[in-house]
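Colleague: Dropping in protein_3.csv, which is CSV, C-alpha atoms and all ligand atoms:
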```csv
chain,number,residue,atom,x,y,z
A,1,MET,CA,-26.4,5.8,-11.0
A,2,THR,CA,-25.5,2.4,-12.4
A,3,PHE,CA,-22.0,1.5,-13.6
A,4,PRO,CA,-20.4,-1.6,-15.2
A,5,PRO,CA,-20.0,-4.4,-12.7
A,6,LEU,CA,-16.7,-4.4,-10.8
A,7,LYS,CA,-14.3,-7.2,-11.9
A,8,ASN,CA,-11.5,-6.6,-9.4
A,9,ASP,CA,-12.7,-5.8,-5.9
A,10,LEU,CA,-9.4,-6.8,-4.1
A,11,LEU,CA,-8.8,-3.3,-2.8
A,12,LEU,CA,-12.3,-2.9,-1.5
A,13,ARG,CA,-12.2,-6.3,0.3
A,14,ALA,CA,-8.8,-5.4,1.9
A,15,ALA,CA,-10.2,-2.0,2.9
A,16,ARG,CA,-13.1,-3.8,4.6
A,17,GLY,CA,-10.6,-5.8,6.6
A,18,GLU,CA,-11.2,-9.1,4.8
A,19,GLU,CA,-8.4,-11.7,4.4
A,20,THR,CA,-7.2,-11.3,0.8
A,21,GLU,CA,-5.1,-13.6,-1.5
A,22,ARG,CA,-2.5,-10.8,-1.8
A,23,ALA,CA,-2.0,-7.1,-1.1
A,24,PRO,CA,-3.8,-4.8,-3.5
A,25,VAL,CA,-1.5,-2.5,-5.5
A,26,TRP,CA,-1.9,1.2,-6.6
A,27,VAL,CA,0.7,3.8,-6.9
A,28,MET,CA,0.8,7.4,-5.6
A,29,ARG,CA,0.7,9.7,-8.7
A,30,GLN,CA,0.3,6.6,-10.9
A,31,ALA,CA,-1.2,8.9,-13.6
A,32,GLY,CA,1.7,11.3,-13.2
A,33,ARG,CA,4.7,12.7,-14.9
A,34,TYR,CA,6.6,9.5,-15.6
A,35,LEU,CA,4.2,8.3,-18.4
A,36,PRO,CA,5.1,9.4,-21.9
A,37,GLU,CA,1.4,9.4,-22.8
A,38,PHE,CA,0.7,11.7,-19.9
A,39,ARG,CA,3.5,14.1,-20.9
A,40,LYS,CA,2.0,14.1,-24.4
A,41,VAL,CA,-1.4,15.3,-23.0
A,42,ARG,CA,0.4,17.9,-20.9
A,43,GLU,CA,2.3,19.3,-23.9
A,44,SER,CA,-0.9,20.9,-25.1
A,45,HIS,CA,-2.9,21.3,-21.9
A,46,GLU,CA,-2.1,23.1,-18.7
A,47,PHE,CA,-2.3,21.1,-15.4
A,48,PHE,CA,-5.6,22.5,-14.1
A,49,GLU,CA,-7.1,22.4,-17.6
A,50,VAL,CA,-6.6,18.7,-17.5
A,51,CYS,CA,-8.3,18.5,-14.1
A,52,ARG,CA,-11.2,20.7,-15.2
A,53,THR,CA,-11.9,18.9,-18.5
A,54,PRO,CA,-13.6,15.6,-17.7
A,55,GLU,CA,-12.5,14.0,-21.0
A,56,LEU,CA,-8.9,14.8,-20.3
A,57,ALA,CA,-9.0,13.8,-16.6
A,58,THR,CA,-10.6,10.5,-17.6
A,59,GLU,CA,-8.0,9.8,-20.3
A,60,VAL,CA,-5.0,10.4,-17.9
A,61,THR,CA,-6.6,8.5,-15.1
A,62,ILE,CA,-7.0,5.5,-17.3
A,63,GLN,CA,-3.6,5.7,-19.0
A,64,PRO,CA,-1.7,3.6,-16.3
A,65,ILE,CA,-4.6,1.1,-16.0
A,66,ARG,CA,-4.3,0.6,-19.8
A,67,ARG,CA,-0.5,0.4,-19.8
A,68,TYR,CA,-0.2,-1.9,-16.7
A,69,SER,CA,-3.4,-3.9,-17.3
A,70,GLY,CA,-3.7,-6.6,-14.6
A,71,LEU,CA,-0.9,-5.1,-12.4
A,72,LEU,CA,-2.8,-2.3,-10.7
A,73,ASP,CA,-5.8,-2.9,-8.5
A,74,ALA,CA,-7.2,0.7,-8.5
A,75,ALA,CA,-7.4,3.9,-10.4
A,76,ILE,CA,-7.2,7.3,-8.6
A,77,ILE,CA,-9.0,10.2,-10.2
A,78,PHE,CA,-6.7,12.7,-11.8
A,79,SER,CA,-7.0,16.0,-9.9
A,80,ASP,CA,-5.1,17.7,-7.1
A,81,ILE,CA,-5.5,18.4,-3.4
A,82,LEU,CA,-5.4,22.1,-4.3
A,83,VAL,CA,-8.8,22.2,-6.0
A,84,ILE,CA,-10.3,23.0,-2.6
A,85,PRO,CA,-8.4,26.2,-2.0
A,86,GLN,CA,-9.4,27.1,-5.6
A,87,ALA,CA,-13.1,26.4,-4.7
A,88,MET,CA,-12.7,28.6,-1.6
A,89,GLY,CA,-11.7,31.5,-4.0
A,90,MET,CA,-8.0,31.3,-4.1
A,91,GLU,CA,-5.9,31.4,-7.2
A,92,VAL,CA,-3.5,28.5,-7.7
A,93,GLU,CA,-1.1,27.9,-10.5
A,94,MET,CA,1.2,24.9,-11.2
A,95,LYS,CA,4.6,26.2,-12.3
A,96,PRO,CA,5.6,23.3,-12.0
A,97,GLY,CA,4.9,23.1,-8.3
A,98,PRO,CA,1.9,24.8,-6.6
A,99,TYR,CA,2.0,28.6,-6.5
A,100,PHE,CA,-0.5,30.9,-4.9
A,101,PRO,CA,0.0,34.5,-6.1
A,102,ASP,CA,-2.1,35.9,-3.2
A,103,PRO,CA,-1.7,33.7,-0.1
A,104,LEU,CA,-3.3,34.3,3.3
A,105,ASN,CA,-0.8,36.5,5.1
A,106,THR,CA,-2.8,37.4,8.2
A,107,PRO,CA,-6.3,36.3,9.5
A,108,ALA,CA,-7.7,39.5,7.9
A,109,ASP,CA,-7.2,37.8,4.5
A,110,ILE,CA,-9.7,35.1,5.5
A,111,ALA,CA,-12.4,37.6,4.6
A,112,LYS,CA,-11.4,37.1,1.0
A,113,LEU,CA,-12.4,33.4,1.0
A,114,THR,CA,-15.8,32.3,-0.3
A,115,LYS,CA,-18.3,32.0,2.5
A,116,ASP,CA,-20.5,29.0,1.7
A,117,VAL,CA,-18.7,27.0,-0.9
A,118,ASP,CA,-21.2,25.2,-3.2
A,119,VAL,CA,-19.1,22.2,-4.2
A,120,ASN,CA,-21.5,21.3,-7.1
A,121,LYS,CA,-20.8,24.7,-8.6
A,122,GLU,CA,-17.1,25.0,-7.8
A,123,LEU,CA,-16.0,21.3,-8.1
A,124,GLY,CA,-18.7,19.8,-10.3
A,125,TYR,CA,-16.0,19.2,-12.9
A,126,VAL,CA,-14.4,16.6,-10.6
A,127,PHE,CA,-17.7,14.9,-10.1
A,128,GLU,CA,-18.2,14.8,-13.9
A,129,ALA,CA,-14.7,13.4,-14.3
A,130,ILE,CA,-15.4,10.7,-11.7
A,131,THR,CA,-18.7,9.6,-13.4
A,132,MET,CA,-17.0,9.6,-16.8
A,133,THR,CA,-14.0,7.6,-15.5
A,134,ARG,CA,-16.2,5.0,-13.8
A,135,ASN,CA,-17.9,4.3,-17.1
A,136,ALA,CA,-14.7,4.3,-19.0
A,137,LEU,CA,-13.0,1.9,-16.6
A,138,LYS,CA,-15.7,-0.7,-17.5
A,139,GLY,CA,-15.4,-2.2,-14.0
A,140,GLU,CA,-11.8,-3.2,-14.5
A,141,VAL,CA,-10.7,-1.7,-11.1
A,142,PRO,CA,-12.3,0.5,-8.5
A,143,LEU,CA,-12.0,4.2,-8.6
A,144,ILE,CA,-10.5,6.2,-5.7
A,145,GLY,CA,-11.6,9.7,-4.9
A,146,PHE,CA,-9.6,12.0,-2.7
A,147,CYS,CA,-9.0,15.3,-1.0
A,148,GLY,CA,-6.3,17.1,0.9
A,149,ALA,CA,-6.6,17.3,4.7
A,150,PRO,CA,-7.3,20.7,6.3
A,151,TRP,CA,-3.8,21.2,7.9
A,152,THR,CA,-2.1,20.3,4.6
A,153,LEU,CA,-4.3,22.6,2.6
A,154,PHE,CA,-4.0,25.4,5.3
A,155,ALA,CA,-0.2,25.1,5.0
A,156,TYR,CA,-0.4,25.7,1.2
A,157,MET,CA,-2.9,28.5,1.6
A,158,VAL,CA,-0.7,30.4,4.1
A,159,GLU,CA,2.7,29.5,2.7
A,160,GLY,CA,1.6,30.3,-0.9
A,161,GLY,CA,3.2,27.0,-2.1
A,162,GLY,CA,5.4,24.2,-1.0
A,163,SER,CA,7.8,24.8,1.9
A,164,LYS,CA,10.8,23.3,3.7
A,165,THR,CA,10.3,24.9,7.0
A,166,PHE,CA,6.5,25.8,7.1
A,167,GLN,CA,7.5,29.0,8.9
A,168,LYS,CA,4.5,31.0,8.0
A,169,ALA,CA,2.0,28.2,8.6
A,170,LYS,CA,3.5,27.4,12.0
A,171,THR,CA,3.6,31.1,12.9
A,172,TRP,CA,-0.2,31.2,12.3
A,173,LEU,CA,-0.6,28.3,14.8
A,174,PHE,CA,1.4,30.1,17.5
A,175,GLN,CA,0.1,33.6,16.9
A,176,TYR,CA,-3.5,33.1,15.8
A,177,PRO,CA,-4.5,29.7,17.3
A,178,GLN,CA,-8.2,30.4,17.4
A,179,GLU,CA,-8.4,31.9,13.9
A,180,SER,CA,-6.4,28.9,12.7
A,181,GLU,CA,-8.7,26.4,14.3
A,182,LYS,CA,-11.7,28.2,12.8
A,183,LEU,CA,-10.2,28.2,9.3
A,184,LEU,CA,-9.2,24.6,9.6
A,185,MET,CA,-12.7,23.6,10.4
A,186,ARG,CA,-14.0,25.7,7.6
A,187,ILE,CA,-11.8,23.7,5.2
A,188,ALA,CA,-12.9,20.5,6.8
A,189,ASP,CA,-16.6,21.3,6.0
A,190,VAL,CA,-15.7,21.8,2.4
A,191,CYS,CA,-13.8,18.4,2.5
A,192,VAL,CA,-16.9,16.7,3.8
A,193,ASP,CA,-19.1,18.1,1.0
A,194,PHE,CA,-16.5,17.4,-1.6
A,195,LEU,CA,-16.0,13.8,-0.6
A,196,VAL,CA,-19.7,13.1,-0.4
A,197,GLY,CA,-20.1,14.5,-3.9
A,198,GLN,CA,-17.4,12.3,-5.1
A,199,VAL,CA,-19.2,9.2,-3.7
A,200,LYS,CA,-22.4,10.3,-5.3
A,201,ALA,CA,-20.5,10.7,-8.6
A,202,GLY,CA,-19.1,7.1,-8.4
A,203,ALA,CA,-16.0,7.1,-6.2
A,204,GLN,CA,-15.7,3.6,-4.6
A,205,LEU,CA,-13.0,4.4,-1.9
A,206,LEU,CA,-12.0,7.8,-0.4
A,207,GLN,CA,-8.5,8.9,0.6
A,208,VAL,CA,-7.6,11.9,2.7
A,209,PHE,CA,-4.0,13.1,2.3
A,210,ASP,CA,-2.5,14.9,5.3
A,211,SER,CA,0.9,15.1,3.6
A,212,TRP,CA,2.3,17.6,6.0
A,213,ALA,CA,1.0,16.0,9.2
A,214,GLY,CA,4.5,15.1,10.2
A,215,GLU,CA,5.5,18.8,10.3
A,216,LEU,CA,3.4,19.3,13.4
A,217,ALA,CA,4.6,18.6,16.9
A,218,PRO,CA,2.5,15.9,18.5
A,219,HIS,CA,0.5,18.4,20.6
A,220,HIS,CA,-0.1,20.6,17.6
A,221,PHE,CA,-1.3,17.6,15.6
A,222,GLN,CA,-3.8,16.9,18.5
A,223,GLN,CA,-5.0,20.5,18.5
A,224,PHE,CA,-5.0,21.4,14.8
A,225,SER,CA,-5.2,18.3,12.7
A,226,PHE,CA,-6.8,15.4,14.5
A,227,PRO,CA,-10.2,17.1,15.2
A,228,THR,CA,-10.5,18.1,11.6
A,229,LEU,CA,-9.7,14.5,10.4
A,230,GLN,CA,-12.4,13.1,12.8
A,231,HIS,CA,-14.8,15.8,11.6
A,232,ILE,CA,-14.3,14.6,8.0
A,233,SER,CA,-14.7,10.9,8.6
A,234,SER,CA,-17.8,11.4,10.8
A,235,GLY,CA,-19.3,14.1,8.6
A,236,VAL,CA,-19.0,12.0,5.4
A,237,ARG,CA,-20.5,8.9,7.1
A,238,GLN,CA,-23.4,10.9,8.5
A,239,LYS,CA,-24.2,12.7,5.3
A,240,LEU,CA,-24.1,9.6,3.2
A,241,ALA,CA,-26.3,7.7,5.7
A,242,SER,CA,-28.8,10.6,5.9
A,243,GLU,CA,-29.2,10.5,2.1
A,244,GLY,CA,-29.5,6.7,2.0
A,245,ILE,CA,-26.2,6.3,0.1
A,246,PRO,CA,-24.1,3.2,1.0
A,247,ALA,CA,-20.9,4.0,2.8
A,248,VAL,CA,-17.5,3.5,1.0
A,249,PRO,CA,-14.2,2.7,2.8
A,250,MET,CA,-12.2,5.7,3.9
A,251,THR,CA,-8.4,5.8,4.0
A,252,LEU,CA,-6.3,8.4,5.8
A,253,PHE,CA,-2.7,9.1,5.0
A,254,ALA,CA,-1.3,11.3,7.8
A,255,LYS,CA,2.3,11.3,6.7
A,256,GLY,CA,4.8,11.4,9.5
A,257,ALA,CA,2.1,11.4,12.3
A,258,ASN,CA,3.2,7.9,13.5
A,259,HIS,CA,3.1,9.1,17.1
A,260,ALA,CA,-0.7,9.2,16.6
A,261,LEU,CA,-1.2,5.9,14.8
A,262,SER,CA,-3.0,4.0,17.6
A,263,GLN,CA,-5.2,7.0,18.3
A,264,LEU,CA,-6.0,7.3,14.6
A,265,ALA,CA,-6.8,3.6,14.5
A,266,GLU,CA,-9.1,3.8,17.5
A,267,GLN,CA,-10.8,7.1,17.2
A,268,GLY,CA,-10.0,8.5,13.7
A,269,GLY,CA,-13.0,7.0,12.0
A,270,TYR,CA,-11.1,5.6,9.0
A,271,ASP,CA,-11.2,2.1,7.7
A,272,VAL,CA,-7.6,2.1,6.4
A,273,LEU,CA,-4.5,4.0,7.5
A,274,GLY,CA,-1.7,4.8,5.1
A,275,ILE,CA,1.8,4.0,6.5
A,276,ASP,CA,4.9,5.9,5.5
A,277,TRP,CA,8.6,4.9,5.5
A,278,LEU,CA,9.4,6.7,8.8
A,279,ASP,CA,8.1,3.8,10.9
A,280,SER,CA,8.8,0.1,10.6
A,281,GLU,CA,6.0,-2.0,9.3
A,282,SER,CA,6.0,-4.1,12.5
A,283,ARG,CA,5.7,-1.1,14.7
A,284,SER,CA,2.8,0.3,12.6
A,285,TRP,CA,1.2,-3.1,12.8
A,286,TYR,CA,1.6,-3.2,16.6
A,287,HIS,CA,0.1,0.4,17.0
A,288,THR,CA,-2.9,-0.3,14.9
A,289,ARG,CA,-3.8,-3.8,16.0
A,290,SER,CA,-3.3,-3.6,19.8
A,301,LIG,C1,-3.7,12.1,-5.8
A,301,LIG,C2,-3.0,13.2,-6.6
A,301,LIG,C3,-2.3,14.3,-6.0
A,301,LIG,N1,-1.7,15.0,-7.0
A,301,LIG,C4,-2.0,14.4,-8.2
A,301,LIG,C5,-2.9,13.3,-8.0
A,301,LIG,C6,-3.6,12.5,-9.0
A,301,LIG,C7,-3.4,11.1,-9.1
A,301,LIG,C8,-2.3,10.7,-10.0
A,301,LIG,O1,-1.5,11.5,-10.5
A,301,LIG,O2,-2.2,9.5,-10.3
A,301,LIG,C9,-1.7,14.9,-9.6
A,301,LIG,C10,-0.5,15.8,-9.7
A,301,LIG,N2,-0.3,16.9,-9.0
A,301,LIG,C11,0.9,17.5,-9.5
A,301,LIG,C12,1.4,16.8,-10.6
A,301,LIG,C13,2.6,17.1,-11.4
A,301,LIG,C14,2.2,18.2,-12.3
A,301,LIG,C15,2.5,17.9,-13.8
A,301,LIG,O3,3.7,18.1,-14.1
A,301,LIG,O4,1.6,17.6,-14.5
A,301,LIG,C16,0.5,15.7,-10.7
A,301,LIG,C17,0.6,14.6,-11.7
A,301,LIG,C18,1.4,18.8,-9.0
A,301,LIG,C19,1.6,18.9,-7.5
A,301,LIG,N3,0.6,18.9,-6.6
A,301,LIG,C20,1.2,18.9,-5.3
A,301,LIG,C21,2.6,18.8,-5.5
A,301,LIG,C22,3.6,18.7,-4.3
A,301,LIG,C23,4.4,20.0,-4.2
A,301,LIG,C24,5.1,20.1,-3.0
A,301,LIG,O5,6.0,19.4,-2.7
A,301,LIG,O6,4.7,21.0,-2.2
A,301,LIG,C25,2.9,18.8,-6.8
A,301,LIG,C26,4.2,18.7,-7.5
A,301,LIG,C27,0.4,18.9,-4.1
A,301,LIG,C28,-0.2,17.6,-3.8
A,301,LIG,N4,-1.0,16.8,-4.6
A,301,LIG,C29,-1.3,15.6,-4.1
A,301,LIG,C30,-0.7,15.6,-2.8
A,301,LIG,C31,-1.0,14.5,-1.8
A,301,LIG,C32,-0.1,13.3,-2.0
A,301,LIG,C33,1.3,13.5,-1.7
A,301,LIG,O7,1.7,13.7,-0.5
A,301,LIG,O8,2.2,13.5,-2.6
A,301,LIG,C34,0.0,16.8,-2.6
A,301,LIG,C35,0.8,17.2,-1.4
A,301,LIG,C36,-2.2,14.5,-4.6
```
What would you get if you wrote out this structure as structure tokens?
Modeller:
Amino acid sequence: MTFPPLKNDLLLRAARGEETERAPVWVMRQAGRYLPEFRKVRESHEFFEVCRTPELATEVTIQPIRRYSGLLDAAIIFSDILVIPQAMGMEVEMKPGPYFPDPLNTPADIAKLTKDVDVNKELGYVFEAITMTRNALKGEVPLIGFCGAPWTLFAYMVEGGGSKTFQKAKTWLFQYPQESEKLLMRIADVCVDFLVGQVKAGAQLLQVFDSWAGELAPHHFQQFSFPTLQHISSGVRQKLASEGIPAVPMTLFAKGANHALSQLAEQGGYDVLGIDWLDSESRSWYHTRS
């Protein structure tokens, strides 16, 4: 696939570890709720309808780039981390936060999940949106593709939505550790295929969001999240290489897992680590550089 030449590669240079003239800027949920033009689209289209309609996903992805032209150094494809549980056969609604009418209550419910998820069939609409957005961006800024990390997705699939205590998801880890590990790796396999598909469709940088990593005790992060994060980075790199597709930088945002920063830097397999507000910038720098 050929796309318009990239005019602003600041983010990609920074992600490759090159010295840059300034820090690249993009905003989490930059295409989100605060923009009046986004609210307008949402008035007549339900959340997942926007995700599933490439023309609409392209339009809302580009809205902040248009409005803040020259101020943002990347676009992030409009979608949600919960498209993976949907691809695995679960029903998810946005009302207005994520809601699963039929969550995984016990390991017996795992049988309800789709066995071999065909990402082209289930998530092809994301790939189409990425290709359409790459063309519509006309090379102004690079396009970020993303997915949720297995532990974070597992937490939603078991809790049935957002949570303050993660009681159900943590109970699974204590009561059914083996089944949990197996399910987490199953989710990781879907993440690999999904991210590879996004690169093939035109994503120029990949981000993995482990938004609830900080809910895990350090030893649980080691057991239940870290291996899946490594599986994703190595799996994506291997699959891209075996198909002769050039690698793209990969970012991991394991929010709250600052106890694992040096390990993630040394063994995680990611080019960039997202840093949150729970640790000072200088400590994060120390952990990742030393
Ligand atoms: C990257 C991304 C996400 N969601 C959306 C994007 C698209 C990019 C963009 O909007 O610019 C659209 C995106 N996703 C959602 C919205 C708001 C829905 C709407 O009113 O249209 C938007 C714009 C809905 C959503 N989806 C989710 C939540 C959080 C709920 C909770 O606290 O448990 C919410 C509120 C799950 C979700 N979704 C996402 C994460 C990881 C990042 C983070 O930690 O914030 C998570 C945890 C990631």
Colleague: Within 8 Å of ligand LIG 301 (chain A), which residues show up when you count only C-alpha atoms and all ligand atoms? List them as a PyMOL selection string, please.
Modeller: chain A and resi 27-33+39+42+46-47+61+75-82+94+96-98+146-148+152+156+161-163+209-212+255
Colleague: At a cut-off of 12 Å, using all atoms listed in the file, what residues contact Ala87 in chain A? Leave out same-chain residues fewer than 3 positions from it and give the result as JSON, numbers by chain.
Modeller: {"A": [81, 82, 83, 84, 90, 91, 92, 113, 114, 115, 116, 117, 118, 119, 120, 121, 122, 123, 124, 125, 126, 187, 190, 191, 193, 194]}
Colleague: Which residues are close to range 103-111 of chain A, i.e. within 7 Å by all atoms listed in the file, leaving aside same-chain residues fewer than 2 positions away? Reply as a list in words.
Modeller: Phe100, Pro101, Leu113, Met157, Val158, Glu159, Gly160 and Glu179 of chain A
Colleague: Rank nothing, just name the residue among A:Leu173, A:Ala203, A:Leu143, A:Ala74 nearest to Phe127 in chain A, using only C-alpha atoms.
Modeller: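 Among A:Leu173, A:Ala203, A:Leu143, A:Ala74, it is A:Ala203 that comes nearest to Phe127 in chain A.
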Colleague: Write out as a list in words each polymer residue whose atoms come within 10 Å of Ile275 in chain A, counting all atoms listed in the file; drop sequence neighbours fewer than 6 positions from it.
Modeller: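 Returned residues: Leu252, Phe253, Ala254, Lys255, Gly256, Ala257, Asn258, Leu261, Glu281, Ser284 and Trp285 of chain A.
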Colleague: Compile a residue-level contact table for range 113-146 of chain A against range 14-25 of chain A at a cut-off of 12 Å, reporting for every qualifying residue the shortest atom pair and its distance in Å to one decimal, with all atoms listed in the file counted, rows ordered by chain and ascending number, as JSON lines.
Modeller:
```
{"residue": "A:Val141", "atom": "CA", "partner": "A:Pro24", "partner_atom": "CA", "distance": 10.7}
{"residue": "A:Pro142", "atom": "CA", "partner": "A:Pro24", "partner_atom": "CA", "distance": 11.2}
{"residue": "A:Ile144", "atom": "CA", "partner": "A:Ala15", "partner_atom": "CA", "distance": 11.9}
```
Colleague: May I have the residues at most 6 Å from (-4.3, 18.2, -23.9) in the file's coordinates, counting only C-alpha atoms, as JSON, numbers by chain?
Modeller: {"A": [41, 42, 44, 45]}
Colleague: From the list A:Gln223, A:Glu215, A:Leu240, A:Thr165, which residue is nearest Val196 in chain A when using all atoms listed in the file?
Modeller: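 Closest candidate: A:Leu240.
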Colleague: Calculated over only C-alpha atoms, which of the candidates A:Pro36, A:Pro85, A:Gly145, A:Gly269 has the smallest distance to Pro64 in chain A?
Modeller: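 Looking at the shortest contact to Pro64 in chain A, the residue is A:Pro36.
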Colleague: Closest to Gly202 in chain A among A:Ser282, A:Ser242, A:Ser234, A:Thr133, using only C-alpha atoms?
Modeller: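 Using only C-alpha atoms, the shortest distance to Gly202 in chain A belongs to A:Thr133.
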Colleague: Here is a test: counting only C-alpha atoms, which residue of A:Val192, A:Met250, A:Met185, A:Ala149 is nearest to Leu11 in chain A?
Modeller: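 Answer, going by the shortest atom-to-atom distance: A:Met250.
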Colleague: Between A:Val199, A:Val208, A:Leu264, A:Val272, which has the minimum distance to Lys239 in chain A (counting only C-alpha atoms)?
Modeller: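 That would be A:Val199, the residue with the smallest distance to Lys239 in chain A.
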Colleague: At what distance in Å, to one decimal, does CA of Ile62 in chain A lie from CA of Ala213 in chain A?
Modeller: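 Here the two named atoms are 29.6 Å from each other.
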Colleague: Distance CA of Leu205 in chain A-CA of Ser225 in chain A, one decimal place?
Modeller: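 Computed distance, CA of Leu205 in chain A to CA of Ser225 in chain A, equals 21.6 Å.
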Colleague: If you measure from CA of Lys40 in chain A to CA of Ala57 in chain A, what distance in Å do you get, rounded to one decimal?
Modeller: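 Those two atoms sit 13.5 Å apart.
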